Amino acid sequence: MSSATPRKGFWQAVDERIGITALEYQVPEHAQGLGYSLGAVTLVSFIVLVITGIWLGQFYNPMPATAHNSVQYILTTAPAGFFARNLHYWAANAMLLTALLHMLRVLYSGAYKRPREANWLVGVALLALTVGLVFTGTALKWDQEGYEGIAHNLATANLLGGLGTWFSPSFSASIPTLTRLYIAHVSILPILLALTFAVHALLIKLHGLAPNALADRNATTRATAHEPSHATFLEHLGAAGLYSLIGLGLLVFLATVVPAQLGPAAVTGVEITKPWWMFLPIFAVENFVGLSGLLWASIAIFVALALVPLLDRSPYLHPSRRRAILIAYGALTLLVIALGIYAKLAPGAAHIGMGG
Ligand code: HEM
């Protein structure tokens, strides 16, 4: 008996089951550029961090007495431990860097304007979670830099009073702060980041990409996603995948030739190191105004970011029509970079009274 069902190719059969052609909806032509793929590249770094992090978690011991030794074990003995740690380190650098570049692209192209204000705020939350992941990650290695990072964390928590309770050792008598930061690093923060990203992606799908800000001096946010286009979302995934693969190649190269550092085991009660590059601008502010600068400068940066859609409410996208906001936030960016360079060149300093 012959079947009436027409024979289908393999891909048709796969498509029927998981709906790949549903991804062939149109997206604006400019989505194919690197500037519009930086969010995806950031996401790929996060995925690399999760995979390498799961591997490192098999060998890392988050108790203060053994944490540093276990990192040394990862570097010298654990299978693929040296490479996994280096890749984790470089992916963390890449994730933060590309998230910042992605944010600057969104800022420059005015894509935070109506109706995308809420998604800008979701993005600010993603950045805060990324910084939280980087910070907790630097503490885990429990070398001098990691120890001083936690000491700063505790001192800042004291400034916050009741709001800083979670960071205080007295919060949990049974689990050390380092171990609780580890739990934050491997579960609380990544889960929150994944959920927040899901909201980010849903809102991107809802609004579509913002129109090309540079195409027309009169371009507005309202004349949106219905520009004529030959590109599909599937093609955008292809382009973003290609940029991500190039980035991944670079990460593997760096992980092979430039190992992540591990300082000697922490000596308590002294303050002699400087933090990672992303925290250097805050370190500079601490040099000028002391520990409270860490708290206030961090809050000020995130408040300044959250205010962007409120400060610039005109519908126009072209940079020439948004000079004030671009100059203000461009100056802020340069100030943060200048503070970072100053902190890199300045001698080490004790900020929390532990002595150098
Ligand atoms: C840290 C992790 C982040 C991930 C994984 C991520 C991911 C993405 C992706 C995949 C897109 C699609 C287009 C593109 O790649 O440019 C996007 C768009 C967007 N993102 Fe993010 N993002 C992150 C952080 C941020 C930050 C820090 C902000 C701003 C503060 C932000 C604000 C936006 C906005 C407003 C859009 C819509 C842009 C448009 O329509 O042109 N995102 N994001």
# chains A, B, ... in the order shown; residues from 1 in each chain; ligands from 1
$ residues_near_ligand --ligand "ligand 1" --cutoff "7 Å" --atoms "only C-alpha atoms and all ligand atoms" --output "MDAnalysis selection string"
chainID A and resid 35:40 42:43 99:100 102:103 106 111:112 116:117 119:124 126:127 130 197 200:201 204 208:210 305
$ write_last_selection --atoms "C-alpha atoms" --output "PDB file, in the first residue's frame"
ATOM      1  CA  GLY A  35      27.489  47.063  16.184  1.00  0.00           C
ATOM      2  CA  TYR A  36      24.143  45.280  16.252  1.00  0.00           C
ATOM      3  CA  SER A  37      25.672  41.902  17.103  1.00  0.00           C
ATOM      4  CA  LEU A  38      27.529  42.989  20.237  1.00  0.00           C
ATOM      5  CA  GLY A  39      24.642  41.888  22.474  1.00  0.00           C
ATOM      6  CA  ALA A  40      24.795  38.407  20.965  1.00  0.00           C
ATOM      7  CA  THR A  42      28.111  39.246  25.023  1.00  0.00           C
ATOM      8  CA  LEU A  43      25.660  36.388  25.395  1.00  0.00           C
ATOM      9  CA  ALA A  99      28.422  44.578  27.236  1.00  0.00           C
ATOM     10  CA  LEU A 100      29.899  48.080  27.668  1.00  0.00           C
ATOM     11  CA  HIS A 102      26.910  47.212  23.249  1.00  0.00           C
ATOM     12  CA  MET A 103      25.581  49.803  25.701  1.00  0.00           C
ATOM     13  CA  VAL A 106      22.647  51.632  21.986  1.00  0.00           C
ATOM     14  CA  ALA A 111      17.860  52.953  20.733  1.00  0.00           C
ATOM     15  CA  TYR A 112      16.888  53.649  24.388  1.00  0.00           C
ATOM     16  CA  ARG A 116      12.549  50.908  24.379  1.00  0.00           C
ATOM     17  CA  GLU A 117      13.080  52.784  27.676  1.00  0.00           C
ATOM     18  CA  ASN A 119      14.574  47.577  27.851  1.00  0.00           C
ATOM     19  CA  TRP A 120      17.348  50.100  28.477  1.00  0.00           C
ATOM     20  CA  LEU A 121      16.634  49.714  32.202  1.00  0.00           C
ATOM     21  CA  VAL A 122      16.654  45.928  31.856  1.00  0.00           C
ATOM     22  CA  GLY A 123      20.060  46.384  30.167  1.00  0.00           C
ATOM     23  CA  VAL A 124      21.308  48.452  33.122  1.00  0.00           C
ATOM     24  CA  LEU A 126      22.158  43.127  33.133  1.00  0.00           C
ATOM     25  CA  LEU A 127      25.261  45.313  33.429  1.00  0.00           C
ATOM     26  CA  THR A 130      27.665  41.249  35.048  1.00  0.00           C
ATOM     27  CA  PHE A 197      18.231  38.328  29.665  1.00  0.00           C
ATOM     28  CA  HIS A 200      15.603  41.634  27.455  1.00  0.00           C
ATOM     29  CA  ALA A 201      15.133  39.242  24.514  1.00  0.00           C
ATOM     30  CA  ILE A 204      13.668  43.117  21.689  1.00  0.00           C
ATOM     31  CA  GLY A 208      11.994  44.990  16.888  1.00  0.00           C
ATOM     32  CA  LEU A 209      15.356  46.713  16.467  1.00  0.00           C
ATOM     33  CA  ALA A 210      15.347  50.510  16.516  1.00  0.00           C
ATOM     34  CA  LEU A 305      22.818  55.195  33.278  1.00  0.00           C
TER      35      LEU A 305
END
$ residues_around --residues "Val267 in chain A" --least-positions-apart "5" --cutoff "12 Å" --atoms "only C-alpha atoms" --output "VMD selection string"
chain A and resid 64 68 142 to 148 151 272 to 273 354 to 356
$ residues_around --residues "range 295-299 of chain A" --least-positions-apart "4" --cutoff "12 Å" --atoms "only C-alpha atoms" --output "PyMOL selection string"
chain A and resi 128+131-132+152-160+164+278-286+288-291+303-306+336+339
